[in-house]
$ cat upload-v1.txt   # compact mmCIF, C-alpha atoms
# COMPACT_ATOMS: atom_id res chain seq x y z
CA ASP A 174 -65.30 -37.40 -123.94
CA GLU A 175 -65.36 -34.36 -121.75
CA GLY A 176 -64.65 -34.70 -118.02
CA ASP A 177 -63.36 -32.77 -114.94
CA ILE A 178 -59.81 -32.76 -113.51
CA LEU A 179 -58.82 -30.99 -110.24
CA ILE A 180 -55.25 -29.88 -109.47
CA LEU A 181 -53.64 -27.35 -107.06
CA SER A 182 -52.09 -24.08 -108.08
CA GLY A 183 -48.38 -24.50 -108.45
CA ASP A 184 -48.55 -28.21 -109.36
CA SER A 185 -47.05 -29.19 -112.70
CA ILE A 186 -49.87 -30.19 -115.05
CA GLY A 187 -47.73 -31.18 -117.98
CA GLU A 188 -49.48 -33.27 -120.63
CA VAL A 189 -52.97 -34.57 -120.01
CA SER A 190 -53.63 -37.75 -122.03
CA ILE A 191 -57.21 -38.72 -122.76
CA ASN A 192 -57.46 -41.94 -124.82
CA SER A 193 -54.17 -41.07 -126.48
CA ILE A 194 -55.37 -37.53 -127.10
CA SER A 195 -52.62 -35.18 -125.80
CA VAL A 196 -53.37 -31.65 -124.65
CA ILE A 197 -51.47 -28.93 -122.72
CA THR A 198 -53.23 -26.38 -120.52
CA GLY A 199 -52.30 -23.62 -117.99
CA ASN A 200 -52.12 -24.02 -114.16
CA THR A 201 -53.37 -20.73 -112.70
CA VAL A 202 -56.25 -20.83 -110.23
CA GLY A 203 -59.65 -21.19 -111.90
CA GLU A 204 -61.49 -23.43 -114.36
CA HIS A 205 -59.79 -24.21 -117.66
CA LEU A 206 -61.10 -25.95 -120.79
CA ILE A 207 -59.43 -29.08 -122.16
CA VAL A 208 -59.35 -29.16 -125.95
CA PRO A 209 -58.64 -32.65 -127.26
CA GLY A 210 -56.36 -33.17 -130.21
CA ALA A 211 -57.12 -35.00 -133.44
CA PHE A 212 -58.03 -38.71 -133.24
CA ILE A 213 -58.14 -40.62 -136.57
CA SER A 214 -59.98 -43.91 -137.00
CA ASN A 215 -60.90 -45.89 -140.14
CA ASN A 216 -63.89 -47.48 -138.45
CA PHE A 217 -65.43 -44.66 -136.47
CA ASN A 218 -66.55 -41.13 -136.83
CA VAL A 219 -65.06 -39.20 -133.93
CA ASN A 220 -66.99 -36.40 -132.25
CA TYR A 221 -65.13 -34.01 -129.95
CA GLY A 222 -66.40 -32.34 -126.77
CA LEU A 223 -64.72 -29.93 -124.34
CA GLY A 224 -63.40 -31.05 -120.90
CA ARG A 225 -62.79 -28.88 -117.81
CA ILE A 226 -59.84 -28.73 -115.45
CA THR A 227 -60.10 -26.75 -112.11
CA VAL A 228 -56.93 -25.33 -110.49
CA LEU A 229 -57.38 -24.64 -106.70
CA PRO A 230 -55.22 -22.21 -104.63
CA ASP A 231 -52.38 -23.85 -102.71
CA THR A 232 -51.76 -23.15 -99.00
CA ALA A 233 -48.69 -21.03 -98.19
CA ASP A 234 -46.78 -21.12 -94.90
CA ILE A 235 -46.47 -17.90 -92.86
CA ILE A 236 -43.52 -17.47 -90.48
CA PHE A 237 -43.44 -14.65 -87.89
CA GLU A 238 -40.04 -13.21 -86.99
CA ALA A 239 -39.67 -14.20 -83.33
CA ALA A 240 -37.85 -11.02 -82.27
CA SER A 241 -40.60 -8.81 -83.69
CA LEU A 242 -43.19 -10.51 -81.45
CA SER A 243 -41.42 -9.17 -78.33
CA GLN A 244 -40.65 -5.45 -78.45
CA TYR A 245 -40.17 -2.44 -76.16
CA TYR A 246 -41.94 0.86 -76.23
CA ASP A 247 -39.99 3.37 -78.31
CA GLY A 248 -42.65 5.92 -79.15
CA ASP A 249 -43.11 4.56 -82.67
CA ALA A 250 -45.34 1.92 -84.26
CA ASN A 251 -44.19 -1.66 -83.66
CA PRO A 252 -45.11 -3.84 -86.68
CA VAL A 253 -44.50 -7.59 -86.72
CA ALA A 254 -42.27 -8.96 -89.48
CA ALA A 255 -43.31 -12.11 -91.37
CA THR A 256 -42.14 -14.17 -94.34
CA THR A 257 -43.90 -16.73 -96.55
CA VAL A 258 -43.10 -20.05 -98.18
CA PRO A 259 -43.06 -19.73 -101.14
CA GLY A 260 -41.46 -16.36 -100.69
CA ASN A 261 -42.46 -12.80 -101.48
CA LEU A 262 -46.21 -13.27 -101.13
CA ALA A 263 -48.21 -10.21 -100.07
CA LEU A 264 -49.65 -10.30 -96.55
CA ALA A 265 -52.43 -8.40 -94.81
CA MET A 266 -51.54 -7.76 -91.13
CA SER A 267 -53.94 -6.87 -88.32
CA TYR A 268 -53.44 -6.22 -84.60
CA ASP A 269 -56.48 -6.93 -82.47
CA GLY A 270 -58.40 -6.34 -85.69
CA ASP A 271 -56.75 -2.99 -86.45
CA THR A 272 -54.56 -2.64 -89.53
CA LEU A 273 -52.29 -0.06 -87.86
CA PRO A 274 -49.37 -1.46 -85.83
CA PRO A 275 -49.65 -0.65 -82.09
CA VAL A 276 -47.43 1.89 -80.31
CA TYR A 277 -48.04 1.49 -76.59
CA PRO A 278 -47.16 -1.33 -74.19
CA GLY A 279 -49.58 -4.26 -74.05
CA SER A 280 -50.45 -7.63 -75.65
CA TYR A 281 -51.96 -7.72 -79.13
CA ILE A 282 -53.30 -10.60 -81.25
CA VAL A 283 -51.52 -10.32 -84.59
CA THR A 284 -53.03 -11.99 -87.67
CA ALA A 285 -51.33 -12.42 -91.04
CA THR A 286 -53.35 -13.37 -94.14
CA VAL A 287 -51.97 -14.20 -97.60
CA LEU A 288 -53.06 -11.85 -100.38
CA ASP A 289 -52.40 -13.78 -103.59
CA SER A 290 -54.76 -15.26 -106.23
CA ASN A 291 -52.86 -18.55 -106.30
CA TYR A 292 -52.33 -19.09 -102.52
CA VAL A 293 -54.25 -19.02 -99.28
CA GLY A 294 -53.00 -19.00 -95.70
CA THR A 295 -53.42 -17.33 -92.32
CA ARG A 296 -51.55 -17.36 -89.01
CA THR A 297 -52.07 -15.72 -85.60
CA ASP A 298 -49.72 -15.06 -82.67
CA THR A 299 -49.29 -12.57 -79.83
CA LEU A 300 -47.28 -9.36 -80.01
CA VAL A 301 -46.04 -8.13 -76.62
CA ILE A 302 -44.82 -4.54 -76.27
CA SER A 303 -43.11 -4.01 -72.90
CA PRO A 304 -42.61 -0.65 -71.20
CA ALA A 305 -39.31 1.07 -71.99
CA THR A 306 -36.65 0.63 -69.31
CA ALA A 307 -35.22 3.83 -67.84
CA THR A 308 -33.15 4.86 -64.82
CA VAL A 309 -33.98 7.37 -62.10
CA THR A 310 -31.03 8.58 -60.00
CA ALA A 311 -31.48 10.64 -56.84
CA ASP A 312 -29.36 13.80 -56.87
CA LEU A 313 -26.88 14.47 -54.06
CA LYS A 314 -28.15 16.89 -51.42
CA TYR A 315 -26.72 18.35 -48.23
CA ILE A 316 -27.85 20.58 -45.38
CA TYR A 317 -26.66 21.42 -41.89
CA ALA A 318 -28.28 19.90 -38.83
CA GLY A 319 -31.30 21.98 -37.90
CA ASP A 320 -32.02 23.11 -41.45
CA PRO A 321 -35.32 22.09 -43.10
CA LEU A 322 -35.20 19.19 -45.51
CA PRO A 323 -34.30 20.21 -49.07
CA GLU A 324 -36.42 19.53 -52.11
CA PHE A 325 -35.16 16.21 -53.40
CA THR A 326 -34.63 15.91 -57.15
CA ALA A 327 -33.54 13.24 -59.58
CA SER A 328 -31.98 12.80 -63.00
CA PHE A 329 -33.28 10.40 -65.63
CA ASP A 330 -31.77 8.30 -68.37
CA GLY A 331 -33.62 6.21 -70.96
CA PHE A 332 -36.48 8.42 -72.16
CA VAL A 333 -37.31 7.66 -75.82
CA ASN A 334 -38.67 9.58 -78.77
CA GLY A 335 -37.78 12.96 -77.25
CA GLU A 336 -39.92 12.43 -74.14
CA ASP A 337 -38.94 13.90 -70.76
CA THR A 338 -40.12 14.13 -67.16
CA SER A 339 -43.47 15.49 -68.31
CA VAL A 340 -44.59 11.86 -68.83
CA LEU A 341 -44.09 11.02 -65.13
CA THR A 342 -47.14 10.09 -63.11
CA SER A 343 -45.28 10.08 -59.77
CA LEU A 344 -41.85 10.76 -58.25
CA ASN A 345 -41.11 10.00 -54.59
CA PHE A 346 -38.08 9.67 -52.33
CA THR A 347 -37.33 7.59 -49.24
CA LEU A 348 -34.53 8.29 -46.74
CA SER A 349 -32.63 5.52 -45.03
CA PRO A 350 -32.23 5.52 -42.12
CA ALA A 351 -35.35 7.51 -41.30
CA TYR A 352 -34.42 11.15 -40.83
CA SER A 353 -34.79 12.53 -37.30
CA GLY A 354 -32.81 15.76 -37.67
CA LEU A 355 -29.46 14.27 -36.63
CA ALA A 356 -26.19 14.87 -38.47
CA GLY A 357 -25.10 11.94 -40.58
CA THR A 358 -25.07 10.41 -44.04
CA TYR A 359 -28.37 9.15 -45.44
CA SER A 360 -29.36 7.22 -48.54
CA ILE A 361 -31.98 8.72 -50.87
CA THR A 362 -33.92 6.07 -52.79
CA PRO A 363 -36.06 7.40 -55.65
CA SER A 364 -39.25 5.86 -57.01
CA ALA A 365 -40.78 6.98 -60.31
CA THR A 366 -43.72 5.81 -62.43
CA ALA A 367 -44.94 6.57 -65.97
CA ASP A 368 -47.47 4.87 -68.22
CA ASN A 369 -44.92 3.60 -70.74
CA TYR A 370 -41.79 3.17 -68.60
CA THR A 371 -40.32 0.96 -65.94
CA PHE A 372 -37.71 2.80 -63.83
CA SER A 373 -34.70 1.26 -62.12
CA PRO A 374 -33.81 3.34 -59.03
CA VAL A 375 -30.26 4.46 -58.23
CA SER A 376 -29.82 5.82 -54.71
CA GLY A 377 -28.17 9.15 -53.99
CA ILE A 378 -26.54 10.57 -50.85
CA PHE A 379 -28.01 13.06 -48.43
CA TYR A 380 -25.47 14.65 -46.09
CA VAL A 381 -26.54 16.36 -42.89
CA ASN A 382 -23.42 18.20 -41.72
CA PRO A 383 -22.91 18.73 -37.98
CA SER A 384 -23.81 22.16 -36.68
CA GLY A 385 -23.89 23.96 -33.36
CA ALA A 386 -22.33 22.94 -30.06
CA GLY A 387 -19.52 20.39 -30.36
CA THR A 388 -18.96 20.90 -34.09
CA LYS A 389 -15.31 20.70 -35.16
CA HIS A 390 -13.92 22.44 -38.22
CA ILE A 391 -11.93 20.55 -40.85
CA LYS A 392 -8.14 20.79 -40.56
CA THR A 393 -5.90 20.26 -43.58
CA GLN A 394 -2.17 19.85 -43.98
CA LEU A 395 0.45 18.94 -46.55
CA THR A 396 2.14 15.65 -45.69
CA CYS A 397 4.96 15.89 -48.20
CA VAL A 398 5.78 16.41 -51.87
CA GLU A 399 7.19 13.66 -54.06
CA GLU A 400 9.49 14.61 -56.92
CA LEU A 401 9.10 12.14 -59.76
CA GLY A 402 12.04 10.94 -61.77
CA ALA A 403 10.03 11.40 -64.98
CA PRO A 404 6.72 13.09 -65.81
CA ASP A 405 3.63 11.04 -65.04
CA SER A 406 0.88 10.23 -67.56
CA LEU A 407 -0.45 13.81 -67.28
CA GLY A 408 2.97 15.41 -67.63
CA PHE A 409 3.40 16.39 -63.94
CA THR A 410 6.73 15.97 -62.18
CA TYR A 411 5.54 16.47 -58.59
CA ILE A 412 2.87 14.87 -56.41
CA ALA A 413 1.47 16.69 -53.38
CA TYR A 414 0.22 14.48 -50.55
CA PHE A 415 -2.55 16.25 -48.63
CA GLU A 416 -4.33 15.12 -45.48
CA TYR A 417 -7.30 16.33 -43.50
CA GLU A 418 -8.66 15.78 -40.02
CA ASN A 419 -12.36 15.58 -39.31
CA ASP A 420 -12.88 15.27 -35.56
CA ASN A 421 -16.65 15.11 -35.91
CA ALA A 422 -18.50 11.83 -35.38
CA THR A 423 -20.00 12.04 -38.89
CA ASP A 424 -18.82 12.85 -42.39
CA VAL A 425 -18.88 16.47 -43.53
CA TYR A 426 -19.76 17.34 -47.12
CA ILE A 427 -18.16 20.47 -48.59
CA PRO A 428 -18.63 20.81 -52.36
CA ILE A 429 -15.74 21.97 -54.51
CA GLY A 430 -16.05 25.72 -54.81
CA GLU A 431 -15.60 28.72 -52.58
CA ASP A 432 -15.33 26.67 -49.36
CA ASN A 433 -13.27 23.84 -50.87
CA SER A 434 -10.87 25.27 -53.43
CA LEU A 435 -7.64 24.17 -55.05
CA ALA A 436 -5.66 26.93 -56.73
CA GLY A 437 -2.20 26.96 -58.26
CA GLU A 438 0.25 29.34 -59.84
CA GLY A 439 0.91 26.69 -62.47
CA SER A 440 -0.85 23.60 -63.82
CA PHE A 441 -2.21 20.85 -61.58
CA ASP A 442 -4.60 17.90 -61.42
CA GLY A 443 -7.39 18.27 -58.87
CA SER A 444 -9.43 15.23 -59.93
CA ASN A 445 -8.85 13.54 -56.55
CA GLN A 446 -9.94 16.55 -54.49
CA PRO A 447 -12.37 15.32 -51.82
CA GLU A 448 -15.83 16.66 -51.12
CA ASP A 449 -16.84 14.03 -48.58
CA PHE A 450 -14.62 14.53 -45.53
CA HIS A 451 -14.78 11.23 -43.70
CA ALA A 452 -15.11 11.14 -39.94
CA GLY A 453 -11.62 10.78 -38.49
CA GLY A 454 -9.77 11.98 -41.57
CA GLY A 455 -8.31 10.98 -44.89
CA SER A 456 -5.76 11.83 -47.54
CA TRP A 457 -5.48 12.48 -51.26
CA THR A 458 -2.91 13.36 -53.92
CA ALA A 459 -2.59 16.07 -56.55
CA GLY A 460 -0.15 16.07 -59.44
CA PHE A 461 1.35 19.48 -60.22
CA ASP A 462 4.25 21.21 -61.96
CA GLY A 463 6.13 22.38 -58.84
CA ASN A 464 4.65 25.87 -58.68
CA LYS A 465 2.77 26.84 -55.55
CA LEU A 466 -0.43 24.87 -55.05
CA THR A 467 -2.91 25.84 -52.33
CA TRP A 468 -5.77 23.79 -50.92
CA THR A 469 -8.20 25.84 -48.83
CA VAL A 470 -11.12 24.44 -46.82
CA ALA A 471 -13.60 26.57 -44.89
CA SER A 472 -15.95 24.80 -42.47
CA TYR A 473 -18.13 25.55 -39.48
CA LYS A 474 -17.13 25.12 -35.86
CA HIS A 475 -19.13 25.10 -32.64
CA ASN A 476 -19.68 28.87 -32.51
CA GLY A 477 -21.45 28.88 -35.86
CA HIS A 478 -18.62 30.67 -37.65
CA LYS A 479 -16.54 29.32 -40.51
CA THR A 480 -12.86 28.67 -40.03
CA SER A 481 -10.64 28.59 -43.11
CA VAL A 482 -7.53 26.40 -43.25
CA ALA A 483 -5.07 26.52 -46.16
CA SER A 484 -2.26 24.07 -47.01
CA GLN A 485 0.37 24.83 -49.61
CA ALA A 486 2.68 22.65 -51.70
CA SER A 487 5.56 23.54 -54.00
CA SER A 488 8.78 22.08 -55.33
CA SER A 489 10.52 23.33 -52.19
CA SER A 490 8.11 21.65 -49.74
CA SER A 491 9.26 18.84 -47.45
CA LYS A 492 9.98 15.83 -49.63
CA CYS A 493 8.58 12.38 -49.12
CA ASN A 494 11.44 10.12 -47.97
CA LYS A 495 13.36 8.56 -50.87
CA SER A 496 16.45 7.39 -49.02
CA ALA A 497 15.94 3.78 -50.11
CA GLU A 498 16.86 2.82 -53.65
CA PHE A 499 14.60 -0.07 -54.57
CA SER A 500 16.22 -3.18 -56.05
CA GLU A 501 15.75 -6.90 -56.21
CA GLU A 502 17.63 -7.22 -52.93
CA ASN A 503 15.51 -7.67 -49.83
CA ASP A 504 17.82 -6.17 -47.23
CA ILE A 505 17.79 -2.44 -48.10
CA GLU A 506 16.74 -0.16 -45.26
CA ALA A 507 15.02 3.22 -45.26
CA VAL A 508 16.35 5.48 -42.54
CA ASP A 509 15.01 8.91 -41.67
CA ASN A 510 15.68 10.83 -38.45
CA GLY A 511 16.27 7.64 -36.51
CA ILE A 512 13.35 5.68 -38.03
CA ARG A 513 14.46 2.48 -39.76
CA ILE A 514 12.17 0.44 -42.02
CA TYR A 515 13.31 -2.94 -43.38
CA PRO A 516 13.31 -4.97 -45.56
CA ASN A 517 12.55 -2.63 -48.42
CA PRO A 518 11.22 -3.87 -50.83
CA VAL A 519 9.02 -6.07 -48.63
CA SER A 520 6.76 -9.01 -49.38
CA GLY A 521 5.67 -10.11 -45.91
CA THR A 522 6.64 -8.61 -42.56
CA LEU A 523 7.90 -5.03 -42.45
CA TYR A 524 9.92 -3.98 -39.41
CA LEU A 525 9.67 -0.39 -38.24
CA ASP A 526 12.32 0.59 -35.71
CA SER A 527 11.84 4.00 -34.09
CA GLY A 528 15.36 4.00 -32.59
CA GLU A 529 14.14 5.43 -29.31
CA GLY A 530 10.94 5.50 -27.35
CA MET A 531 8.06 3.04 -27.60
CA ILE A 532 6.21 3.15 -30.93
CA GLN A 533 2.48 2.42 -30.98
CA ALA A 534 0.20 1.15 -33.71
CA LYS A 535 -2.08 4.18 -33.39
CA ASP A 536 0.85 6.37 -34.53
CA ILE A 537 1.30 4.48 -37.85
CA PHE A 538 -0.65 5.10 -41.07
CA ILE A 539 -0.35 3.33 -44.44
CA TYR A 540 -1.58 4.79 -47.72
CA ASP A 541 -0.84 4.39 -51.43
CA VAL A 542 0.17 6.92 -54.08
CA TYR A 543 -3.48 7.81 -54.64
CA GLY A 544 -4.02 8.68 -51.00
CA LYS A 545 -6.11 5.61 -50.16
CA THR A 546 -5.51 4.50 -46.60
CA TYR A 547 -5.22 0.85 -45.52
CA PRO A 548 -5.80 -0.88 -42.16
CA LEU A 549 -2.63 -1.47 -40.15
CA ASN A 550 -2.04 -5.20 -39.57
CA VAL A 551 0.37 -5.39 -36.63
CA SER A 552 1.81 -8.88 -36.09
CA GLY A 553 4.14 -7.96 -33.25
CA ASN A 554 5.39 -5.10 -31.05
CA LYS A 555 8.81 -5.35 -29.45
CA GLY A 556 9.20 -2.02 -27.77
CA VAL A 557 10.89 0.26 -30.27
CA THR A 558 10.25 -2.18 -33.15
CA LEU A 559 6.83 -2.69 -34.68
CA GLU A 560 6.15 -5.67 -36.96
CA ILE A 561 3.69 -4.86 -39.75
CA ASN A 562 2.18 -7.60 -41.93
CA MET A 563 2.20 -6.29 -45.53
CA SER A 564 1.33 -9.59 -47.25
CA GLY A 565 -2.30 -8.59 -47.79
CA LEU A 566 -1.45 -5.52 -49.88
CA GLN A 567 -1.15 -5.48 -53.65
CA PRO A 568 2.34 -4.91 -55.11
CA GLY A 569 3.20 -1.24 -55.53
CA ILE A 570 4.46 1.86 -53.74
CA TYR A 571 3.11 2.71 -50.28
CA PHE A 572 3.83 5.38 -47.72
CA ILE A 573 4.34 4.70 -44.02
CA ARG A 574 3.53 7.73 -41.94
CA VAL A 575 4.75 7.89 -38.36
CA GLN A 576 2.95 10.60 -36.42
CA SER A 577 3.44 10.91 -32.69
CA ALA A 578 4.47 13.49 -30.12
CA LEU A 579 8.12 12.70 -30.90
CA LYS A 580 8.10 12.06 -34.64
CA ASN A 581 6.24 13.06 -37.79
CA GLU A 582 7.82 11.35 -40.79
CA VAL A 583 6.71 9.74 -44.04
CA ILE A 584 8.77 6.93 -45.59
CA ARG A 585 8.19 5.27 -48.95
CA VAL A 586 8.09 1.45 -49.17
CA MET A 587 7.98 -0.89 -52.12
CA LYS A 588 5.61 -3.88 -51.70
CA GLN A 589 6.54 -6.84 -53.89
$ encode --input "upload-v1.txt" --output "structure tokens"
Amino acid sequence: DEGDILILSGDSIGEVSINSISVITGNTVGEHLIVPGAFISNNFNVNYGLGRITVLPDTADIIFEAASLSQYYDGDANPVAATTVPGNLALAMSYDGDTLPPVYPGSYIVTATVLDSNYVGTRTDTLVISPATATVTADLKYIYAGDPLPEFTASFDGFVNGEDTSVLTSLNFTLSPAYSGLAGTYSITPSATADNYTFSPVSGIFYVNPSGAGTKHIKTQLTCVEELGAPDSLGFTYIAYFEYENDNATDVYIPIGEDNSLAGEGSFDGSNQPEDFHAGGGSWTAGFDGNKLTWTVASYKHNGHKTSVASQASSSSSKCNKSAEFSEENDIEAVDNGIRIYPNPVSGTLYLDSGEGMIQAKDIFIYDVYGKTYPLNVSGNKGVTLEINMSGLQPGIYFIRVQSALKNEVIRVMKQ
């Protein structure tokens, strides 16, 4: 007799047996008729009626892609990705009830609903779009003491979708220490805001060069020229060792250009040329081909006028001392005009014997082949012999400069 059977979409119906009457039906969602087969009996007349079977939609699983729930502003729509089990089912997506994926930073309730006649299912979660991360870097500025403050500016990195500074809602700068008109070196810290960005600040430098009474001009000089046994990585066979003196109490900034120029009759490498002239002084090196190389610096002095100082190097310039041939032995001495340095190479204590007259620590300077200076660590002073502790230096080539009223020499030392 007819009756009702309920199954779920996707289940296997197979053969339905009713009092030995076998039938086969479909399994799509909806109500289906059951048509019984033939039943033969010698004792009965058999009447047939139709049965019904109802197939209900199954529930599908919806899985949101975790990474797509946490995104950054990029100027474009930010849809959430989702998959289904079973796979490849169509989904309707909404974001706070809107079918269009959001663009701007914020939190949005995302809802996914299965669109399939044989399956049902829905899932909600939260989409978070964070502001884009960008960098604001304060540009270097300089003035002379007494000048009005400049207009501070900044450069930016990280704008998306072709956007630029027009999206800024604010841009401010803070000086540290607080500026009171005095010469010195200050830090410029930028602060920027925009609706869709978070800015990481990178500080810049603000130089206030000394000016007026007491101002000292920058003095330059060539220490020596080293002739290389083979061309260096840039193909140069000579290295010029330049120095400068800055007798002001503060650094002086002179940008590379008309007042801070390096010119040569041949090829040279000016990548180390300084712009920040440290109080007290410093040194730097320039590789070149042996043709005349001239470093010229023009700076102000107390009378308000610029003084220009030029230092020249060439293959015929005074050579850096090379009298010591470096080897594995530890007893080789470097001797130059009465100055004796031993052992060379050195790993610990270096002895510097001036030969005559008392030598003082203030007359000794140590720097490497790149012109970087190092603190002098004196472990002993025995009149004409100075004991210098070299153990704290990295292995390599260093230059010992002796500069006093009696001597002005540079000697090369190998640190093991």
$ atom_distance --input "upload-v1.txt" --atom1 "atom CA of A:Gln244" --atom2 "atom CA of A:Ala285"
17.9 Å
$ atom_distance --input "upload-v1.txt" --atom1 "atom CA of A:Phe415" --atom2 "atom CA of A:Asp432"
16.5 Å
$ residues_near_point --input "upload-v1.txt" --point "(-52.1, -15.5, -93.4)" --cutoff "6 Å" --atoms "only C-alpha atoms" --output "MDAnalysis selection string"
chainID A and resid 285:287 294:296
$ residues_around --input "upload-v1.txt" --residues "stretch 258-271 of chain A" --least-positions-apart "4" --cutoff "9 Å" --atoms "only C-alpha atoms" --output "list in words"
Ala233, Asp234, Ile235, Ile236, Pro252, Val253, Pro275, Tyr281, Ile282, Val283, Thr284, Ala285, Thr286, Val287, Leu288, Asp289, Tyr292, Thr299 and Leu300 of chain A
$ atom_distance --input "upload-v1.txt" --atom1 "atom CA of A:Thr546" --atom2 "atom CA of A:Ala436"
24.6 Å
$ residues_around --input "upload-v1.txt" --residues "A:Asn345" --least-positions-apart "4" --cutoff "8 Å" --atoms "all atoms listed in the file" --output "list in words"
Pro363, Ser364 and Ala365 of chain A
$ residues_near_point --input "upload-v1.txt" --point "(-28.7, 7.3, -48.4)" --cutoff "12 Å" --atoms "only C-alpha atoms" --output "ChimeraX atom specification"
/A:310-315,346-352,357-363,375-381
$ residues_around --input "upload-v1.txt" --residues "A:Phe329" --least-positions-apart "3" --cutoff "8 Å" --atoms "all atoms listed in the file" --output "PyMOL selection string"
chain A and resi 307-310+332+338
$ residues_around --input "upload-v1.txt" --residues "stretch 455-471 of chain A" --least-positions-apart "5" --cutoff "8 Å" --atoms "all atoms listed in the file" --output "number ranges by chain"
A: 390-393, 409-418, 432-447, 450, 479-488, 542-546
$ closest_residue --input "upload-v1.txt" --among "A:Val293, A:Val586, A:Ile539, A:Leu549" --to "A:Ser520" --atoms "all atoms listed in the file"
A:Val586
$ closest_residue --input "upload-v1.txt" --among "A:Ile316, A:Asn550, A:Gly477, A:Pro323" --to "A:Pro428" --atoms "only C-alpha atoms"
A:Ile316
$ residues_around --input "upload-v1.txt" --residues "A:Ala254" --least-positions-apart "5" --cutoff "8 Å" --atoms "all atoms listed in the file" --output "PyMOL selection string"
chain A and resi 237-238+241
